[in-house]
file model.txt (compact mmCIF, C-alpha atoms and all ligand atoms)
# COMPACT_ATOMS: atom_id res chain seq x y z
CA MET A 1 -24.20 -16.50 -11.03
CA GLN A 2 -26.94 -13.85 -10.90
CA LYS A 3 -28.26 -13.07 -7.41
CA TYR A 4 -31.65 -11.56 -6.66
CA LYS A 5 -32.92 -9.29 -3.86
CA ILE A 6 -35.25 -11.36 -1.69
CA VAL A 7 -37.16 -9.91 1.26
CA GLU A 8 -38.76 -13.20 2.37
CA ILE A 9 -40.02 -16.59 1.23
CA PHE A 10 -43.01 -18.09 3.03
CA ASP A 11 -45.91 -20.41 2.39
CA SER A 12 -49.39 -19.32 3.36
CA ILE A 13 -52.90 -18.94 2.02
CA GLN A 14 -53.61 -16.38 -0.65
CA GLY A 15 -55.41 -13.57 1.17
CA GLU A 16 -56.47 -11.42 -1.76
CA GLY A 17 -58.44 -11.62 -4.98
CA PRO A 18 -60.02 -14.51 -6.86
CA TYR A 19 -57.56 -17.16 -5.63
CA LEU A 20 -58.46 -16.38 -2.01
CA GLY A 21 -57.82 -19.31 0.33
CA GLU A 22 -55.50 -21.23 -2.00
CA ARG A 23 -52.26 -22.53 -0.47
CA GLN A 24 -49.31 -20.88 -2.19
CA ILE A 25 -45.64 -20.10 -1.71
CA PHE A 26 -44.74 -16.42 -1.79
CA ILE A 27 -41.42 -15.05 -2.94
CA ARG A 28 -41.22 -11.40 -1.98
CA LEU A 29 -38.69 -9.42 -3.99
CA GLY A 30 -36.95 -6.24 -2.89
CA GLU A 31 -37.21 -2.73 -4.40
CA CYS A 32 -40.13 -0.93 -5.99
CA ASN A 33 -40.56 1.85 -8.56
CA LEU A 34 -43.57 3.39 -6.76
CA SER A 35 -44.25 4.78 -3.30
CA CYS A 36 -47.92 4.23 -2.48
CA VAL A 37 -49.18 5.92 0.69
CA TYR A 38 -50.67 2.65 2.01
CA CYS A 39 -47.58 0.51 1.36
CA ASP A 40 -47.00 -1.99 4.18
CA THR A 41 -43.92 -3.72 2.77
CA ASP A 42 -40.35 -3.04 3.80
CA PHE A 43 -38.88 -3.81 0.38
CA LYS A 44 -35.53 -2.19 1.21
CA ARG A 45 -34.44 -5.02 3.53
CA TYR A 46 -33.41 -8.07 1.59
CA VAL A 47 -30.81 -10.80 1.17
CA LEU A 48 -29.17 -11.88 -2.08
CA MET A 49 -29.99 -15.36 -3.40
CA THR A 50 -29.59 -17.31 -6.63
CA ALA A 51 -32.60 -18.74 -8.50
CA LYS A 52 -31.59 -22.26 -7.46
CA GLU A 53 -31.35 -21.29 -3.75
CA ILE A 54 -34.80 -19.72 -3.99
CA PHE A 55 -36.42 -22.63 -5.83
CA ASP A 56 -35.00 -25.11 -3.30
CA GLN A 57 -37.42 -23.58 -0.76
CA VAL A 58 -40.49 -24.05 -2.97
CA ASN A 59 -42.84 -26.55 -1.35
CA GLU A 60 -46.16 -25.60 -2.95
CA LYS A 61 -47.43 -25.94 -6.49
CA THR A 62 -48.24 -22.27 -7.02
CA ILE A 63 -45.35 -19.84 -6.76
CA VAL A 64 -46.34 -16.21 -6.24
CA PHE A 65 -43.81 -13.52 -7.08
CA THR A 66 -44.72 -10.48 -5.06
CA GLY A 67 -42.97 -7.37 -3.80
CA GLY A 68 -41.91 -4.68 -3.89
CA GLU A 69 -42.20 -4.82 -7.66
CA PRO A 70 -41.07 -8.22 -8.99
CA LEU A 71 -40.71 -6.99 -12.57
CA LEU A 72 -37.67 -4.96 -11.51
CA GLN A 73 -35.95 -8.38 -11.28
CA SER A 74 -37.72 -10.08 -14.14
CA GLY A 75 -34.69 -12.29 -14.84
CA LEU A 76 -35.57 -14.39 -11.78
CA ILE A 77 -38.91 -15.49 -13.22
CA LYS A 78 -37.24 -16.61 -16.42
CA GLU A 79 -34.48 -18.45 -14.57
CA ILE A 80 -36.86 -20.30 -12.25
CA ARG A 81 -39.11 -21.32 -15.12
CA LYS A 82 -36.13 -22.88 -16.85
CA LEU A 83 -34.88 -24.90 -13.87
CA GLU A 84 -35.10 -28.62 -14.56
CA HIS A 85 -37.12 -29.37 -11.41
CA PHE A 86 -39.70 -26.70 -12.20
CA VAL A 87 -41.16 -28.86 -14.94
CA LEU A 88 -41.03 -32.02 -12.82
CA LYS A 89 -42.99 -30.38 -9.98
CA LYS A 90 -45.59 -28.99 -12.43
CA ASN A 91 -45.42 -25.59 -10.77
CA ARG A 92 -47.60 -22.65 -11.72
CA ILE A 93 -46.33 -19.05 -11.61
CA MET A 94 -48.41 -16.13 -10.44
CA LEU A 95 -47.10 -12.57 -10.58
CA GLU A 96 -48.39 -9.79 -8.33
CA THR A 97 -47.39 -6.55 -10.02
CA ASN A 98 -48.14 -2.84 -9.91
CA ALA A 99 -48.65 -3.11 -13.69
CA THR A 100 -46.50 -0.17 -14.72
CA LEU A 101 -43.39 -1.74 -16.28
CA SER A 102 -44.47 -2.75 -19.77
CA SER A 103 -41.02 -3.37 -21.23
CA GLN A 104 -40.07 -5.72 -18.38
CA LEU A 105 -43.43 -7.44 -18.82
CA ALA A 106 -42.53 -8.25 -22.41
CA GLU A 107 -39.50 -10.23 -21.15
CA VAL A 108 -41.53 -12.60 -18.94
CA ILE A 109 -45.03 -12.56 -20.37
CA ASP A 110 -44.68 -16.12 -21.69
CA TYR A 111 -43.34 -17.46 -18.39
CA VAL A 112 -46.20 -16.39 -16.10
CA ASP A 113 -49.51 -18.26 -15.80
CA VAL A 114 -51.60 -15.72 -13.84
CA PHE A 115 -51.10 -11.97 -13.47
CA SER A 116 -52.51 -10.07 -10.50
CA CYS A 117 -52.33 -6.46 -11.66
CA ASP A 118 -52.88 -3.32 -9.63
CA TYR A 119 -54.72 -0.36 -11.06
CA LYS A 120 -53.38 2.42 -8.84
CA LEU A 121 -55.41 5.47 -7.96
CA ARG A 122 -53.58 8.79 -8.28
CA LYS A 123 -54.78 9.82 -4.84
CA TYR A 124 -52.55 7.17 -3.25
CA ALA A 125 -49.70 6.67 -5.71
CA ASN A 126 -47.32 8.67 -7.89
CA ILE A 127 -48.66 7.15 -11.06
CA ASP A 128 -49.43 7.88 -14.70
CA GLN A 129 -52.44 5.59 -15.23
CA LYS A 130 -51.72 5.40 -18.97
CA GLU A 131 -48.90 3.01 -17.98
CA HIS A 132 -51.58 0.60 -16.77
CA GLN A 133 -53.38 0.93 -20.08
CA GLN A 134 -50.25 -0.12 -22.01
CA PHE A 135 -49.61 -2.97 -19.59
CA PHE A 136 -53.14 -4.40 -19.84
CA ALA A 137 -53.14 -4.04 -23.64
CA LYS A 138 -50.02 -6.26 -23.79
CA LEU A 139 -51.68 -8.91 -21.62
CA GLU A 140 -54.86 -8.86 -23.69
CA ALA A 141 -52.92 -9.04 -26.97
CA LYS A 142 -51.40 -12.32 -25.73
CA ASN A 143 -54.69 -13.55 -24.27
CA LYS A 144 -53.11 -13.93 -20.83
CA ASN A 145 -54.97 -14.83 -17.65
CA PHE A 146 -55.06 -11.68 -15.51
CA TYR A 147 -57.22 -9.78 -13.08
CA VAL A 148 -57.15 -6.19 -11.85
CA LYS A 149 -57.02 -5.00 -8.25
CA ILE A 150 -58.10 -1.49 -7.26
CA ILE A 151 -56.94 -0.62 -3.74
CA THR A 152 -58.81 2.27 -2.20
CA ASP A 153 -60.04 3.91 0.97
CA ASP A 154 -63.53 5.38 1.25
CA ASP A 155 -62.31 8.99 1.22
CA ILE A 156 -62.76 9.55 -2.52
CA SER A 157 -65.91 11.29 -3.77
CA LEU A 158 -67.94 9.40 -6.37
CA GLU A 159 -67.05 11.95 -9.07
CA GLU A 160 -63.34 11.60 -8.22
CA PHE A 161 -63.63 7.82 -8.31
CA LYS A 162 -65.18 7.94 -11.81
CA GLU A 163 -62.31 10.16 -12.93
CA GLU A 164 -59.74 7.86 -11.28
CA ILE A 165 -60.93 4.80 -13.22
CA LYS A 166 -61.01 6.59 -16.57
CA TYR A 167 -58.00 4.65 -17.84
CA LEU A 168 -59.28 1.28 -16.70
CA GLN A 169 -60.01 -0.05 -20.16
CA VAL A 170 -59.95 -3.83 -20.22
CA ASN A 171 -62.22 -6.54 -21.54
CA LYS A 172 -65.60 -6.40 -19.78
CA ASN A 173 -65.12 -10.02 -18.63
CA THR A 174 -61.91 -9.25 -16.74
CA LYS A 175 -62.25 -9.80 -13.01
CA ILE A 176 -62.01 -6.48 -11.16
CA ILE A 177 -61.26 -6.70 -7.44
CA LEU A 178 -62.15 -3.71 -5.32
CA GLN A 179 -59.89 -4.03 -2.28
CA PRO A 180 -60.28 -1.65 0.69
CA ILE A 181 -57.14 -0.39 2.40
CA PHE A 182 -56.90 -2.54 5.53
CA LYS A 183 -58.33 -1.23 8.80
CA GLU A 184 -58.14 -3.00 12.16
CA SER A 185 -61.74 -2.03 12.96
CA LEU A 186 -63.23 -4.40 10.33
CA GLN A 187 -65.76 -1.64 9.61
CA TYR A 188 -66.11 -0.75 5.96
CA SER A 189 -68.41 2.05 4.86
CA ALA A 190 -71.18 1.89 2.26
CA GLN A 191 -69.02 4.09 0.06
CA PHE A 192 -67.29 0.95 -1.24
CA ILE A 193 -70.61 -0.40 -2.49
CA LYS A 194 -71.05 2.82 -4.45
CA TYR A 195 -67.59 2.42 -6.00
CA HIS A 196 -68.59 -1.15 -6.84
CA GLN A 197 -71.72 0.14 -8.58
CA ILE A 198 -69.69 2.67 -10.58
CA LEU A 199 -67.53 -0.18 -11.89
CA LEU A 200 -70.62 -2.19 -12.85
CA ASN A 201 -72.08 0.89 -14.56
CA LYS A 202 -68.89 1.16 -16.60
CA GLY A 203 -69.80 -2.21 -18.06
CA PHE A 204 -67.50 -4.55 -16.11
CA GLU A 205 -69.34 -7.81 -15.52
CA LYS A 206 -67.16 -9.41 -12.86
CA VAL A 207 -66.58 -6.93 -10.06
CA PHE A 208 -65.80 -8.24 -6.55
CA PHE A 209 -65.41 -6.43 -3.23
CA ILE A 210 -62.80 -8.46 -1.30
CA PRO A 211 -60.85 -7.22 1.75
CA GLN A 212 -57.41 -8.64 2.61
CA VAL A 213 -58.46 -11.79 4.45
CA HIS A 214 -54.97 -12.87 5.58
CA LYS A 215 -54.73 -9.70 7.67
CA PHE A 216 -57.94 -10.56 9.54
CA LEU A 217 -56.51 -14.01 10.18
CA GLY A 218 -53.23 -12.54 11.38
CA VAL A 219 -51.13 -14.62 8.98
CA ASN A 220 -48.48 -13.54 6.51
S1 LIG A 301 -46.47 -0.82 -5.66
FE1 LIG A 301 -46.80 -2.18 -3.88
S2 LIG A 301 -44.75 -2.48 -3.00
FE2 LIG A 301 -44.63 -0.72 -4.38
S3 LIG A 301 -44.93 1.05 -3.05
FE3 LIG A 301 -46.94 0.50 -3.92
S4 LIG A 301 -47.86 -0.88 -2.40
FE4 LIG A 301 -45.66 -0.76 -1.93
call {"tool": "encode", "arguments": {"input": "model.txt", "output": "structure tokens"}}
result
Amino acid sequence: MQKYKIVEIFDSIQGEGPYLGERQIFIRLGECNLSCVYCDTDFKRYVLMTAKEIFDQVNEKTIVFTGGEPLLQSGLIKEIRKLEHFVLKKNRIMLETNATLSSQLAEVIDYVDVFSCDYKLRKYANIDQKEHQQFFAKLEAKNKNFYVKIITDDDISLEEFKEEIKYLQVNKNTKIILQPIFKESLQYSAQFIKYHQILLNKGFEKVFFIPQVHKFLGVN
């Protein structure tokens, strides 16, 4: 039986993005294909579990696959979706992804209800942003429910920021979440409001500035 690399399973409130405050169960998978400078996840420490062992711990309606990069183990999403009890519990699947692995996306696109997709900035990640473009195009072609998260600090000039979001080409109605890199001080500079304005000027109609609330609360 296939076993998957699992860092942790925990239930908590969603601390990021448009589902902020919703009670969810998080399944954090090991390994990642990127190395972002702000990464706060130890995705190299994991245990091996089967899909059934993992699903037995699910006690909330919404299951969030997070990482690491969950699409590196896309088989798990498919397996869980097909478990008999999944249907009985009327679960919903949300996938938090770095939005770079288009071929793996194709394998699970029909099994995920909501996609939380990063749009990485080159300043903080070893990324070819055209990979995001391909990823978002696949989601739009299938009319999937997704939103985009841009994680940034305030140390990018406005010109650099405009250049960084050049490949962010999604439907103007797509929710765009501007998420500051977490700081203990709770002080966020006005630079973020300028980034927010740049996104509005690009034509996006639903742009939100939302810090990581779970970190302020000191919960997982
Ligand atoms: S994509 Fe996420 S898990 Fe992977 S290195 Fe970047 S922040 Fe860490």
call {"tool": "residues_around", "arguments": {"input": "model.txt", "residues": "Phe192 in chain A", "least_positions_apart": "4", "cutoff": "8 Å", "atoms": "only C-alpha atoms", "output": "JSON, numbers by chain"}}
result
{"A": [154, 180, 188, 196, 209]}
call {"tool": "residues_near_point", "arguments": {"input": "model.txt", "point": "(-42.3, -12.4, -3.8)", "cutoff": "9 Å", "atoms": "only C-alpha atoms", "output": "ChimeraX atom specification"}}
result
/A:6-10,25-30,63-70,95-96
call {"tool": "closest_residue", "arguments": {"input": "model.txt", "among": "A:Leu178, A:Val170, A:Leu121, A:Val87", "to": "ligand LIG 301 (chain A)", "atoms": "all atoms listed in the file"}}
result
A:Leu121
call {"tool": "closest_atom_pairs", "arguments": {"input": "model.txt", "of": "chain A", "to": "ligand LIG 301 (chain A)", "cutoff": "9 Å", "atoms": "only C-alpha atoms and all ligand atoms", "output": "tab-separated table"}}
result
residue	atom	partner	partner_atom	distance
A:Gly30	CA	A:LIG301	S2	8.7
A:Glu31	CA	A:LIG301	S2	7.7
A:Cys32	CA	A:LIG301	FE2	4.8
A:Asn33	CA	A:LIG301	FE2	6.4
A:Leu34	CA	A:LIG301	S3	4.6
A:Ser35	CA	A:LIG301	S3	3.8
A:Cys36	CA	A:LIG301	FE3	4.1
A:Val37	CA	A:LIG301	FE3	7.5
A:Tyr38	CA	A:LIG301	S4	6.3
A:Cys39	CA	A:LIG301	FE4	4.0
A:Asp40	CA	A:LIG301	FE4	6.4
A:Thr41	CA	A:LIG301	FE4	5.8
A:Asp42	CA	A:LIG301	S2	8.1
A:Phe43	CA	A:LIG301	S2	6.9
A:Thr66	CA	A:LIG301	S2	8.3
A:Gly67	CA	A:LIG301	S2	5.3
A:Gly68	CA	A:LIG301	S2	3.7
A:Glu69	CA	A:LIG301	FE2	5.8
A:Glu96	CA	A:LIG301	FE1	9.0
A:Thr97	CA	A:LIG301	S1	7.3
A:Asn98	CA	A:LIG301	S1	5.0
A:Ala99	CA	A:LIG301	S1	8.6
A:Asp118	CA	A:LIG301	S1	7.9
A:Lys120	CA	A:LIG301	S1	8.3
A:Tyr124	CA	A:LIG301	FE3	8.7
A:Ala125	CA	A:LIG301	FE3	7.0
call {"tool": "residues_around", "arguments": {"input": "model.txt", "residues": "Ile210 in chain A", "least_positions_apart": "2", "cutoff": "8 Å", "atoms": "all atoms listed in the file", "output": "JSON, numbers by chain"}}
result
{"A": [16, 17, 177, 178, 179, 180, 208, 212, 213]}
call {"tool": "residues_around", "arguments": {"input": "model.txt", "residues": "Thr50 in chain A", "least_positions_apart": "4", "cutoff": "12 Å", "atoms": "all atoms listed in the file", "output": "PyMOL selection string"}}
result
chain A and resi 1-6+54-57+73+75-77+79-80+83
call {"tool": "residues_around", "arguments": {"input": "model.txt", "residues": "range 159-161 of chain A", "least_positions_apart": "5", "cutoff": "9 Å", "atoms": "all atoms listed in the file", "output": "list in words"}}
result
Leu121, Lys166, Tyr195 and Ile198 of chain A
call {"tool": "atom_distance", "arguments": {"input": "model.txt", "atom1": "CA of Ala106 in chain A", "atom2": "CA of Thr62 in chain A"}}
result
21.6 Å
call {"tool": "residues_around", "arguments": {"input": "model.txt", "residues": "range 138-145 of chain A", "least_positions_apart": "5", "cutoff": "9 Å", "atoms": "all atoms listed in the file", "output": "list in words"}}
result
Ser102, Leu105, Ala106, Ile109, Asp110, Val112, Asp113, Val114, Phe115, Ser116, Gln133, Val170, Asn171 and Thr174 of chain A
call {"tool": "atom_distance", "arguments": {"input": "model.txt", "atom1": "CA of Ala190 in chain A", "atom2": "CA of Ile156 in chain A"}}
result
12.3 Å
call {"tool": "closest_residue", "arguments": {"input": "model.txt", "among": "A:Lys175, A:Asn59, A:Glu107, A:Ile181", "to": "Asp11 in chain A", "atoms": "only C-alpha atoms"}}
result
A:Asn59
call {"tool": "closest_residue", "arguments": {"input": "model.txt", "among": "A:Asp155, A:Glu22, A:Glu84, A:Glu131", "to": "Gln169 in chain A", "atoms": "only C-alpha atoms"}}
result
A:Glu131
call {"tool": "closest_residue", "arguments": {"input": "model.txt", "among": "A:Tyr167, A:Glu184, A:Glu205, A:Tyr119", "to": "Gly218 in chain A", "atoms": "all atoms listed in the file"}}
result
A:Glu184
call {"tool": "closest_residue", "arguments": {"input": "model.txt", "among": "A:Leu168, A:Asn201, A:Gly15, A:Cys117", "to": "Phe182 in chain A", "atoms": "only C-alpha atoms"}}
result
A:Gly15
call {"tool": "atom_distance", "arguments": {"input": "model.txt", "atom1": "CA of Phe136 in chain A", "atom2": "CA of Asn173 in chain A"}}
result
13.3 Å
call {"tool": "closest_residue", "arguments": {"input": "model.txt", "among": "A:Leu101, A:Leu72, A:Val148, A:Val58", "to": "His85 in chain A", "atoms": "all atoms listed in the file"}}
result
A:Val58
